[in-house]
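Heads up, query.cif below (mmCIF, C-alpha atoms):
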data_final
#
loop_
_atom_site.label_atom_id
_atom_site.label_comp_id
_atom_site.auth_asym_id
_atom_site.auth_seq_id
_atom_site.Cartn_x
_atom_site.Cartn_y
_atom_site.Cartn_z
CA MET A 51 -8.58 0.08 28.11
CA LYS A 52 -8.91 3.77 28.84
CA VAL A 53 -7.56 6.30 26.34
CA ASP A 54 -6.63 9.65 27.92
CA ALA A 55 -6.23 12.95 26.08
CA THR A 56 -2.47 12.54 25.60
CA ASN A 57 -2.81 9.06 24.14
CA LEU A 58 -5.64 10.23 21.90
CA THR A 59 -3.44 13.03 20.54
CA VAL A 60 -0.65 10.56 19.77
CA ILE A 61 -3.11 8.23 18.03
CA ARG A 62 -4.45 11.13 15.96
CA VAL A 63 -0.92 12.04 14.86
CA LEU A 64 -0.28 8.42 13.88
CA ALA A 65 -3.56 8.25 12.00
CA TYR A 66 -2.88 11.44 10.05
CA SER A 67 0.52 10.09 9.03
CA GLY A 68 -1.51 8.19 6.43
CA PHE A 69 -1.99 11.49 4.59
CA ALA A 70 1.78 11.97 4.49
CA LEU A 71 2.16 8.47 3.04
CA VAL A 72 -0.29 9.12 0.19
CA ILE A 73 1.06 12.60 -0.60
CA SER A 74 4.66 11.38 -0.61
CA LEU A 75 3.75 8.55 -2.97
CA VAL A 76 2.27 10.98 -5.49
CA VAL A 77 5.29 13.29 -5.26
CA SER A 78 7.99 10.60 -5.31
CA GLN A 79 6.53 8.01 -7.65
CA GLY A 80 4.66 10.43 -9.86
CA PHE A 81 6.76 13.60 -10.21
CA LEU A 82 10.29 12.44 -9.37
CA MET A 83 10.32 8.88 -10.71
CA GLY A 84 7.72 9.19 -13.47
CA PHE A 85 6.16 5.85 -12.51
CA ILE A 86 2.52 6.98 -12.36
CA PRO A 87 1.37 5.23 -14.47
CA PRO A 88 3.93 2.39 -14.57
CA PRO A 89 6.04 1.63 -17.63
CA SER A 90 4.07 -0.85 -19.72
CA PRO A 91 4.87 -4.53 -19.02
CA ASP A 92 4.78 -4.92 -22.82
CA LEU A 93 7.72 -2.50 -23.17
CA SER A 94 10.93 -4.00 -24.54
CA ALA A 95 13.82 -4.62 -22.16
CA ASP A 96 16.03 -2.09 -23.98
CA ALA A 97 13.36 0.63 -23.86
CA LEU A 98 12.85 0.04 -20.14
CA ALA A 99 16.61 0.16 -19.54
CA HIS A 100 16.74 3.58 -21.21
CA ILE A 101 14.02 4.82 -18.84
CA PHE A 102 16.06 3.80 -15.81
CA VAL A 103 19.23 5.37 -17.21
CA ASP A 104 17.48 8.63 -18.11
CA ARG A 105 15.60 8.89 -14.80
CA LYS A 106 18.18 7.44 -12.43
CA ILE A 107 18.61 10.64 -10.38
CA GLY A 108 14.86 11.16 -10.03
CA ILE A 109 14.40 7.50 -9.09
CA ARG A 110 17.12 7.77 -6.43
CA PHE A 111 15.54 10.84 -4.83
CA GLY A 112 12.07 9.33 -5.13
CA THR A 113 13.06 6.09 -3.46
CA LEU A 114 14.87 8.00 -0.71
CA ILE A 115 11.59 9.76 0.10
CA GLN A 116 9.68 6.48 -0.10
CA CYS A 117 12.05 4.63 2.23
CA ILE A 118 11.28 7.29 4.86
CA THR A 119 7.59 7.94 4.34
CA TYR A 120 6.48 4.38 3.58
CA THR A 121 7.17 3.66 7.24
CA PHE A 122 4.02 5.70 7.83
CA TYR A 123 1.97 2.69 6.75
CA GLY A 124 2.87 1.12 10.09
CA THR A 125 2.15 4.23 12.13
CA TRP A 126 -1.17 4.84 10.35
CA ALA A 127 -2.27 1.23 10.68
CA MET A 128 -1.36 0.94 14.36
CA ALA A 129 -3.60 3.91 15.16
CA ILE A 130 -6.50 1.86 13.80
CA VAL A 131 -5.32 -1.28 15.61
CA MET A 132 -5.38 0.57 18.97
CA PHE A 133 -9.05 1.34 18.48
CA MET A 134 -9.66 -2.27 17.42
CA ARG A 135 -8.28 -3.24 20.84
CA LYS A 136 -10.90 -1.04 22.50
CA MET A 137 -13.62 -2.75 20.47
CA GLU A 138 -12.69 -6.23 21.73
CA ARG A 139 -13.26 -7.65 25.19
CA SER A 140 -10.88 -9.91 27.12
CA LEU A 141 -9.50 -11.95 24.21
CA PRO A 142 -8.02 -9.53 21.60
CA VAL A 143 -7.55 -12.06 18.81
CA LEU A 144 -8.48 -9.58 16.07
CA THR A 145 -6.02 -7.04 17.44
CA TYR A 146 -3.09 -9.46 17.58
CA THR A 147 -3.90 -10.80 14.11
CA ALA A 148 -4.01 -7.23 12.78
CA ILE A 149 -0.63 -6.40 14.36
CA ALA A 150 0.99 -9.38 12.62
CA ASN A 151 -0.76 -8.45 9.39
CA VAL A 152 0.42 -4.83 9.53
CA GLY A 153 4.02 -5.96 10.08
CA GLY A 154 3.85 -8.13 6.97
CA GLY A 155 2.33 -5.33 4.89
CA TYR A 156 5.06 -2.94 6.01
CA VAL A 157 7.67 -5.29 4.50
CA PHE A 158 5.99 -5.03 1.09
CA PHE A 159 6.04 -1.24 1.31
CA LEU A 160 9.80 -1.14 1.91
CA LEU A 161 10.74 -3.78 -0.67
CA MET A 162 9.49 -1.55 -3.50
CA PRO A 163 11.74 1.53 -3.06
CA ILE A 164 14.73 -0.56 -1.99
CA THR A 165 14.56 -2.61 -5.21
CA TRP A 166 14.06 0.47 -7.41
CA ALA A 167 16.95 2.22 -5.66
CA ALA A 168 19.23 -0.75 -6.34
CA LEU A 169 18.25 -0.74 -10.03
CA ALA A 170 18.88 3.02 -10.31
CA PHE A 171 22.25 2.79 -8.52
CA ARG A 172 24.11 1.55 -11.62
CA PRO A 173 21.50 0.98 -14.36
CA GLU A 174 24.08 1.17 -17.15
CA ALA A 175 25.75 -2.00 -15.80
CA ILE A 176 22.57 -4.06 -15.53
CA PRO A 177 21.63 -6.34 -18.45
CA PRO A 178 18.32 -5.03 -19.83
CA TRP A 179 16.61 -8.42 -19.50
CA PHE A 180 17.49 -8.58 -15.80
CA LEU A 181 16.37 -5.01 -15.18
CA GLN A 182 13.07 -5.82 -16.89
CA ILE A 183 12.51 -8.83 -14.64
CA MET A 184 13.31 -6.86 -11.50
CA ASN A 185 11.02 -4.02 -12.57
CA ASP A 186 8.22 -6.58 -13.04
CA TRP A 187 9.09 -7.87 -9.57
CA VAL A 188 8.57 -4.44 -8.01
CA TRP A 189 5.19 -3.92 -9.67
CA PHE A 190 4.14 -7.41 -8.64
CA ILE A 191 5.00 -6.47 -5.05
CA PHE A 192 3.07 -3.21 -5.43
CA ILE A 193 -0.12 -4.79 -6.81
CA LEU A 194 -0.05 -8.57 -6.33
CA SER A 195 0.49 -8.20 -2.57
CA TRP A 196 -3.21 -7.33 -2.14
CA PRO A 197 -4.26 -10.29 0.11
CA PRO A 198 -2.80 -9.12 3.47
CA PHE A 199 -4.25 -5.65 2.93
CA ALA A 200 -7.65 -7.13 2.07
CA ILE A 201 -7.45 -9.25 5.23
CA PHE A 202 -6.68 -6.13 7.29
CA MET A 203 -9.79 -4.49 5.85
CA ILE A 204 -11.87 -7.53 6.82
CA LEU A 205 -10.38 -7.55 10.33
CA ILE A 206 -11.34 -3.91 10.78
CA ALA A 207 -14.87 -4.64 9.61
CA VAL A 208 -15.28 -7.63 11.96
CA ALA A 209 -13.95 -5.59 14.89
CA ILE A 210 -16.50 -2.85 14.20
CA PHE A 211 -19.34 -5.38 13.99
CA CYS A 212 -18.20 -6.89 17.32
CA ASP A 213 -17.70 -3.53 19.05
CA HIS A 214 -19.19 -3.69 22.58
CA ASN A 215 -18.95 0.06 23.17
CA ARG A 216 -22.07 2.21 23.17
CA PRO A 217 -21.90 4.29 21.10
CA THR A 218 -19.58 2.28 18.89
CA ILE A 219 -16.13 3.73 18.22
CA PHE A 220 -16.57 3.68 14.43
CA PRO A 221 -19.97 3.89 12.70
CA ARG A 222 -21.14 0.71 10.99
CA TRP A 223 -20.76 2.21 7.51
CA VAL A 224 -16.97 2.09 8.05
CA ALA A 225 -17.23 -1.69 8.37
CA PHE A 226 -19.16 -1.99 5.11
CA PHE A 227 -16.71 0.41 3.46
CA ASN A 228 -13.80 -1.85 4.45
CA ILE A 229 -15.58 -4.95 3.15
CA TRP A 230 -16.23 -3.29 -0.20
CA CYS A 231 -12.61 -2.13 -0.45
CA ALA A 232 -11.43 -5.69 0.25
CA ILE A 233 -13.63 -6.96 -2.58
CA LEU A 234 -12.74 -4.20 -5.02
CA ILE A 235 -8.97 -4.81 -4.85
CA ILE A 236 -9.31 -8.51 -5.78
CA PRO A 237 -8.77 -7.84 -9.54
CA ALA A 238 -5.15 -7.05 -8.63
CA ALA A 239 -4.68 -10.84 -8.69
CA LEU A 240 -4.91 -10.84 -12.49
CA ILE A 241 -1.75 -8.87 -13.34
CA GLU A 242 0.34 -12.03 -13.74
CA PHE A 243 -1.82 -13.09 -16.70
CA PHE A 244 -1.78 -9.90 -18.80
CA LYS A 245 0.91 -7.71 -20.35
CA THR A 246 -1.57 -5.34 -22.03
CA GLY A 247 -5.12 -4.17 -21.41
CA PRO A 248 -7.04 -3.14 -18.27
CA PHE A 249 -5.69 -6.03 -16.16
CA ALA A 250 -2.00 -5.43 -16.90
CA TYR A 251 -0.10 -3.74 -14.09
CA ASP A 252 -0.34 -0.41 -15.93
CA GLY A 253 -4.00 -0.96 -16.85
CA GLU A 254 -7.17 0.93 -16.01
CA ILE A 255 -8.35 -1.68 -13.51
CA SER A 256 -5.25 -3.34 -12.08
CA PHE A 257 -3.43 -0.05 -11.60
CA TRP A 258 -5.69 3.02 -11.72
CA PHE A 259 -8.79 1.51 -10.14
CA ILE A 260 -6.89 -0.48 -7.50
CA TYR A 261 -4.63 2.53 -6.82
CA ILE A 262 -7.64 4.79 -6.16
CA VAL A 263 -9.44 2.21 -4.01
CA PHE A 264 -6.41 1.33 -1.88
CA PHE A 265 -5.06 4.80 -1.22
CA GLY A 266 -8.59 6.17 -0.96
CA TRP A 267 -9.13 3.60 1.80
CA ILE A 268 -6.10 4.93 3.66
CA MET A 269 -7.34 8.50 3.33
CA VAL A 270 -10.86 7.66 4.54
CA MET A 271 -9.64 5.59 7.48
#

Taking this structure as input, can you express it in the form of structure tokens?
Amino acid sequence: MKVDATNLTVIRVLAYSGFALVISLVVSQGFLMGFIPPPSPDLSADALAHIFVDRKIGIRFGTLIQCITYTFYGTWAMAIVMFMRKMERSLPVLTYTAIANVGGGYVFFLLMPITWAALAFRPEAIPPWFLQIMNDWVWFIFILSWPPFAIFMILIAVAIFCDHNRPTIFPRWVAFFNIWCAILIIPAALIEFFKTGPFAYDGEISFWFIYIVFFGWIMVM
């Protein structure tokens, strides 16, 4: 599969859309919504309800930005998938698996802002206990959905190891980097067992460490 200059420019634009994704997340979720770090899962339902009432305008604007820019996960990822196709020979099984994987990951990205937007639409009318459950739901989507992203990292690594091009499209250290990132996000699986401490969804490991690893991976790739 030959990649001409025009196609390469398009792929570069798609790849750099990953920067827009990360920057928009910091602006929307951090500055507008005030959800970096998350509200503690140990917070009472009434206290959490007050947060949504007080921040409802910021949450609405933040989720509007996210609904637009989170689509950049798909554009960023497909730029990588196109190069995976060049790494494979006649049977592009890794490429097709990655395409399906990226589509599934994209769904997780959109579920988060859509749910938050619905909660901020009329937070005064929502029973606090229900709002608390739905807020937990969003953070579970954000963090507990790690497996398909870890699999995408592994697929990238395998494609690099199997690359028949000389020189290879990506250096081998990128493969090892993806493997390490896949391993390092595994502690995200523990958030359903803790409401406080480093493994809670606002904790040093399950949020801050995983957050840095995952979005650092996007920036590096």

- Message: To one decimal place in Å, what is the distance between CA of Met128 (chain A) and CA of Phe265 (chain A)?
- Response: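 Between CA of Met128 (chain A) and CA of Phe265 (chain A) the gap is 16.5 Å.
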
- Query: What residues come out when you apply the PyMOL selection byres ((chain A and resi 130-138) around 9) to this file, written as a PyMOL selection string?
  - Reply: chain A and resi 51-53+61+65+126-129+139-146+148-149+205-206+209-210+212-215+218-220+271

The selected residues should be written to file as a short mmCIF file (atom, residue, chain, number, x, y, z; two decimals), keeping the file's coordinate frame (atoms: C-alpha atoms).
data_model
loop_
_atom_site.label_atom_id
_atom_site.label_comp_id
_atom_site.auth_asym_id
_atom_site.auth_seq_id
_atom_site.Cartn_x
_atom_site.Cartn_y
_atom_site.Cartn_z
CA MET A 51 -8.58 0.08 28.11
CA LYS A 52 -8.91 3.77 28.84
CA VAL A 53 -7.56 6.30 26.34
CA ILE A 61 -3.11 8.23 18.03
CA ALA A 65 -3.56 8.25 12.00
CA TRP A 126 -1.17 4.84 10.35
CA ALA A 127 -2.27 1.23 10.68
CA MET A 128 -1.36 0.94 14.36
CA ALA A 129 -3.60 3.91 15.16
CA ARG A 139 -13.26 -7.65 25.19
CA SER A 140 -10.88 -9.91 27.12
CA LEU A 141 -9.50 -11.95 24.21
CA PRO A 142 -8.02 -9.53 21.60
CA VAL A 143 -7.55 -12.06 18.81
CA LEU A 144 -8.48 -9.58 16.07
CA THR A 145 -6.02 -7.04 17.44
CA TYR A 146 -3.09 -9.46 17.58
CA ALA A 148 -4.01 -7.23 12.78
CA ILE A 149 -0.63 -6.40 14.36
CA LEU A 205 -10.38 -7.55 10.33
CA ILE A 206 -11.34 -3.91 10.78
CA ALA A 209 -13.95 -5.59 14.89
CA ILE A 210 -16.50 -2.85 14.20
CA CYS A 212 -18.20 -6.89 17.32
CA ASP A 213 -17.70 -3.53 19.05
CA HIS A 214 -19.19 -3.69 22.58
CA ASN A 215 -18.95 0.06 23.17
CA THR A 218 -19.58 2.28 18.89
CA ILE A 219 -16.13 3.73 18.22
CA PHE A 220 -16.57 3.68 14.43
CA MET A 271 -9.64 5.59 7.48
#

- Pick out the closest residue to Phe81 (chain A) from this set: A:His100, A:Arg62, A:Lys245, A:Arg105. Count all atoms listed in the file.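 With all atoms listed in the file as the atom set, the closest residue is A:Arg105.
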
- Query: When the PyMOL selection byres ((chain A and resi 251) around 12) is applied to the file above, which residues end up in the set, as an NGL selection string?
  - Reply: :A and (85-92 or 185-194 or 237-250 or 252-261)

Keeping C-alpha atoms for every residue in the selection just given, could you write it to a file as a PDB file, in the frame of the given file?
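Contents of part16.pdb, freshly written:
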ATOM      1  CA  PHE A  85       6.160   5.850 -12.510  1.00  0.00           C
ATOM      2  CA  ILE A  86       2.520   6.980 -12.360  1.00  0.00           C
ATOM      3  CA  PRO A  87       1.370   5.230 -14.470  1.00  0.00           C
ATOM      4  CA  PRO A  88       3.930   2.390 -14.570  1.00  0.00           C
ATOM      5  CA  PRO A  89       6.040   1.630 -17.630  1.00  0.00           C
ATOM      6  CA  SER A  90       4.070  -0.850 -19.720  1.00  0.00           C
ATOM      7  CA  PRO A  91       4.870  -4.530 -19.020  1.00  0.00           C
ATOM      8  CA  ASP A  92       4.780  -4.920 -22.820  1.00  0.00           C
ATOM      9  CA  ASN A 185      11.020  -4.020 -12.570  1.00  0.00           C
ATOM     10  CA  ASP A 186       8.220  -6.580 -13.040  1.00  0.00           C
ATOM     11  CA  TRP A 187       9.090  -7.870  -9.570  1.00  0.00           C
ATOM     12  CA  VAL A 188       8.570  -4.440  -8.010  1.00  0.00           C
ATOM     13  CA  TRP A 189       5.190  -3.920  -9.670  1.00  0.00           C
ATOM     14  CA  PHE A 190       4.140  -7.410  -8.640  1.00  0.00           C
ATOM     15  CA  ILE A 191       5.000  -6.470  -5.050  1.00  0.00           C
ATOM     16  CA  PHE A 192       3.070  -3.210  -5.430  1.00  0.00           C
ATOM     17  CA  ILE A 193      -0.120  -4.790  -6.810  1.00  0.00           C
ATOM     18  CA  LEU A 194      -0.050  -8.570  -6.330  1.00  0.00           C
ATOM     19  CA  PRO A 237      -8.770  -7.840  -9.540  1.00  0.00           C
ATOM     20  CA  ALA A 238      -5.150  -7.050  -8.630  1.00  0.00           C
ATOM     21  CA  ALA A 239      -4.680 -10.840  -8.690  1.00  0.00           C
ATOM     22  CA  LEU A 240      -4.910 -10.840 -12.490  1.00  0.00           C
ATOM     23  CA  ILE A 241      -1.750  -8.870 -13.340  1.00  0.00           C
ATOM     24  CA  GLU A 242       0.340 -12.030 -13.740  1.00  0.00           C
ATOM     25  CA  PHE A 243      -1.820 -13.090 -16.700  1.00  0.00           C
ATOM     26  CA  PHE A 244      -1.780  -9.900 -18.800  1.00  0.00           C
ATOM     27  CA  LYS A 245       0.910  -7.710 -20.350  1.00  0.00           C
ATOM     28  CA  THR A 246      -1.570  -5.340 -22.030  1.00  0.00           C
ATOM     29  CA  GLY A 247      -5.120  -4.170 -21.410  1.00  0.00           C
ATOM     30  CA  PRO A 248      -7.040  -3.140 -18.270  1.00  0.00           C
ATOM     31  CA  PHE A 249      -5.690  -6.030 -16.160  1.00  0.00           C
ATOM     32  CA  ALA A 250      -2.000  -5.430 -16.900  1.00  0.00           C
ATOM     33  CA  ASP A 252      -0.340  -0.410 -15.930  1.00  0.00           C
ATOM     34  CA  GLY A 253      -4.000  -0.960 -16.850  1.00  0.00           C
ATOM     35  CA  GLU A 254      -7.170   0.930 -16.010  1.00  0.00           C
ATOM     36  CA  ILE A 255      -8.350  -1.680 -13.510  1.00  0.00           C
ATOM     37  CA  SER A 256      -5.250  -3.340 -12.080  1.00  0.00           C
ATOM     38  CA  PHE A 257      -3.430  -0.050 -11.600  1.00  0.00           C
ATOM     39  CA  TRP A 258      -5.690   3.020 -11.720  1.00  0.00           C
ATOM     40  CA  PHE A 259      -8.790   1.510 -10.140  1.00  0.00           C
ATOM     41  CA  ILE A 260      -6.890  -0.480  -7.500  1.00  0.00           C
ATOM     42  CA  TYR A 261      -4.630   2.530  -6.820  1.00  0.00           C
TER      43      TYR A 261
END

- Atomic separation - CA of Thr113 (chain A) relative to CA of Ala167 (chain A), Å: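 Going from CA of Ala167 (chain A) over to CA of Thr113 (chain A), I get 5.9 Å.
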
- Can you pull out every residue within 8 Å of region 118-124 of chain A, counting all atoms listed in the file, but drop anything in the same chain fewer than 4 positions away, and send it as a PyMOL selection string? chain A and resi 64+67-68+70-71+74+114+128+152-153+156+159-160

- Do a neighbour search on Val263 (chain A) at 8 Å with all atoms listed in the file, toss out local chain neighbours closer than 6 positions, and write the hits as a PyMOL selection string. chain A and resi 231+234-235

- So how far away is CA of Leu82 (chain A) from CA of Ile268 (chain A), in Å?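 Result for CA of Ile268 (chain A) versus CA of Leu82 (chain A): 22.2 Å, one decimal.
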
- Message: Report as a list in words all protein, DNA and RNA residues lying within 10 Å of Arg172 (chain A), evaluated on all atoms listed in the file, omitting residues in the same chain fewer than 5 positions from it.
- Response: Phe102, Val103, Lys106 and Ala167 of chain A

Taking all atoms of region 257-260 of chain A that the file lists, what box with edges along x, y and z, padded by 3 Å per side, do you get, with centre and edge lengths in Å to one decimal, as AutoDock Vina command-line options?
--center_x -6.1 --center_y 1.3 --center_z -9.6 --size_x 11.4 --size_y 9.5 --size_z 10.2

- Query: Hey, what comes out of the PyMOL selection byres ((chain A and resi 225) around 9) on this file? Could you write it as a list in words?
  - Reply: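 Output of the PyMOL selection byres ((chain A and resi 225) around 9): Met203, Ile204, Ile206, Ala207, Val208, Ala209, Ile210, Phe211, Phe220, Pro221, Arg222, Trp223, Val224, Phe226, Phe227, Asn228, Ile229 and Trp230 of chain A.
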
Selection to disk with C-alpha atoms, as a tab-separated table (two decimals), keeping the file's coordinate frame:
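The resulting file, selection-v2.tsv, is reproduced below:
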chain	number	residue	atom	x	y	z
A	203	MET	CA	-9.79	-4.49	5.85
A	204	ILE	CA	-11.87	-7.53	6.82
A	206	ILE	CA	-11.34	-3.91	10.78
A	207	ALA	CA	-14.87	-4.64	9.61
A	208	VAL	CA	-15.28	-7.63	11.96
A	209	ALA	CA	-13.95	-5.59	14.89
A	210	ILE	CA	-16.50	-2.85	14.20
A	211	PHE	CA	-19.34	-5.38	13.99
A	220	PHE	CA	-16.57	3.68	14.43
A	221	PRO	CA	-19.97	3.89	12.70
A	222	ARG	CA	-21.14	0.71	10.99
A	223	TRP	CA	-20.76	2.21	7.51
A	224	VAL	CA	-16.97	2.09	8.05
A	226	PHE	CA	-19.16	-1.99	5.11
A	227	PHE	CA	-16.71	0.41	3.46
A	228	ASN	CA	-13.80	-1.85	4.45
A	229	ILE	CA	-15.58	-4.95	3.15
A	230	TRP	CA	-16.23	-3.29	-0.20

- Message: So, with only C-alpha atoms as the atoms that count, which of A:Ala150, A:Val63, A:Leu98, A:Cys117 lies closest to Gln79 (chain A)?
- Response: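 Using only C-alpha atoms, Gln79 (chain A) sits closest to A:Cys117.
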
- Message: Considering only C-alpha atoms, can you say which of A:Ser94, A:Ala200, A:Gln116, A:Ser195 comes closest to Thr165 (chain A)?
- Response: A:Gln116

Produce region 79-110 of chain A of the given structure as output with C-alpha atoms, as a PDB file, in the first residue's frame.
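File written: selection.pdb
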ATOM      1  CA  GLN A  79     -13.135  18.691  32.375  1.00  0.00           C
ATOM      2  CA  GLY A  80     -10.634  20.652  34.419  1.00  0.00           C
ATOM      3  CA  PHE A  81     -11.454  24.360  34.085  1.00  0.00           C
ATOM      4  CA  LEU A  82     -15.118  24.378  33.021  1.00  0.00           C
ATOM      5  CA  MET A  83     -16.505  21.340  34.839  1.00  0.00           C
ATOM      6  CA  GLY A  84     -14.122  21.185  37.802  1.00  0.00           C
ATOM      7  CA  PHE A  85     -13.837  17.402  37.496  1.00  0.00           C
ATOM      8  CA  ILE A  86     -10.026  17.150  37.600  1.00  0.00           C
ATOM      9  CA  PRO A  87      -9.711  15.495  40.052  1.00  0.00           C
ATOM     10  CA  PRO A  88     -13.120  13.788  40.261  1.00  0.00           C
ATOM     11  CA  PRO A  89     -15.523  14.350  43.145  1.00  0.00           C
ATOM     12  CA  SER A  90     -14.710  11.737  45.764  1.00  0.00           C
ATOM     13  CA  PRO A  91     -16.744   8.504  45.501  1.00  0.00           C
ATOM     14  CA  ASP A  92     -17.007   8.761  49.301  1.00  0.00           C
ATOM     15  CA  LEU A  93     -18.889  12.075  48.979  1.00  0.00           C
ATOM     16  CA  SER A  94     -22.495  12.049  50.179  1.00  0.00           C
ATOM     17  CA  ALA A  95     -25.273  12.082  47.603  1.00  0.00           C
ATOM     18  CA  ASP A  96     -26.515  15.488  48.796  1.00  0.00           C
ATOM     19  CA  ALA A  97     -23.034  17.049  48.593  1.00  0.00           C
ATOM     20  CA  LEU A  98     -22.579  15.687  45.075  1.00  0.00           C
ATOM     21  CA  ALA A  99     -25.994  17.012  44.044  1.00  0.00           C
ATOM     22  CA  HIS A 100     -24.969  20.496  45.195  1.00  0.00           C
ATOM     23  CA  ILE A 101     -21.865  20.279  42.996  1.00  0.00           C
ATOM     24  CA  PHE A 102     -23.961  19.537  39.925  1.00  0.00           C
ATOM     25  CA  VAL A 103     -26.426  22.326  40.725  1.00  0.00           C
ATOM     26  CA  ASP A 104     -23.657  24.874  41.349  1.00  0.00           C
ATOM     27  CA  ARG A 105     -21.637  23.887  38.269  1.00  0.00           C
ATOM     28  CA  LYS A 106     -24.433  23.051  35.849  1.00  0.00           C
ATOM     29  CA  ILE A 107     -23.561  25.801  33.337  1.00  0.00           C
ATOM     30  CA  GLY A 108     -19.870  24.911  33.346  1.00  0.00           C
ATOM     31  CA  ILE A 109     -20.719  21.212  32.982  1.00  0.00           C
ATOM     32  CA  ARG A 110     -23.001  21.954  30.020  1.00  0.00           C
TER      33      ARG A 110
END
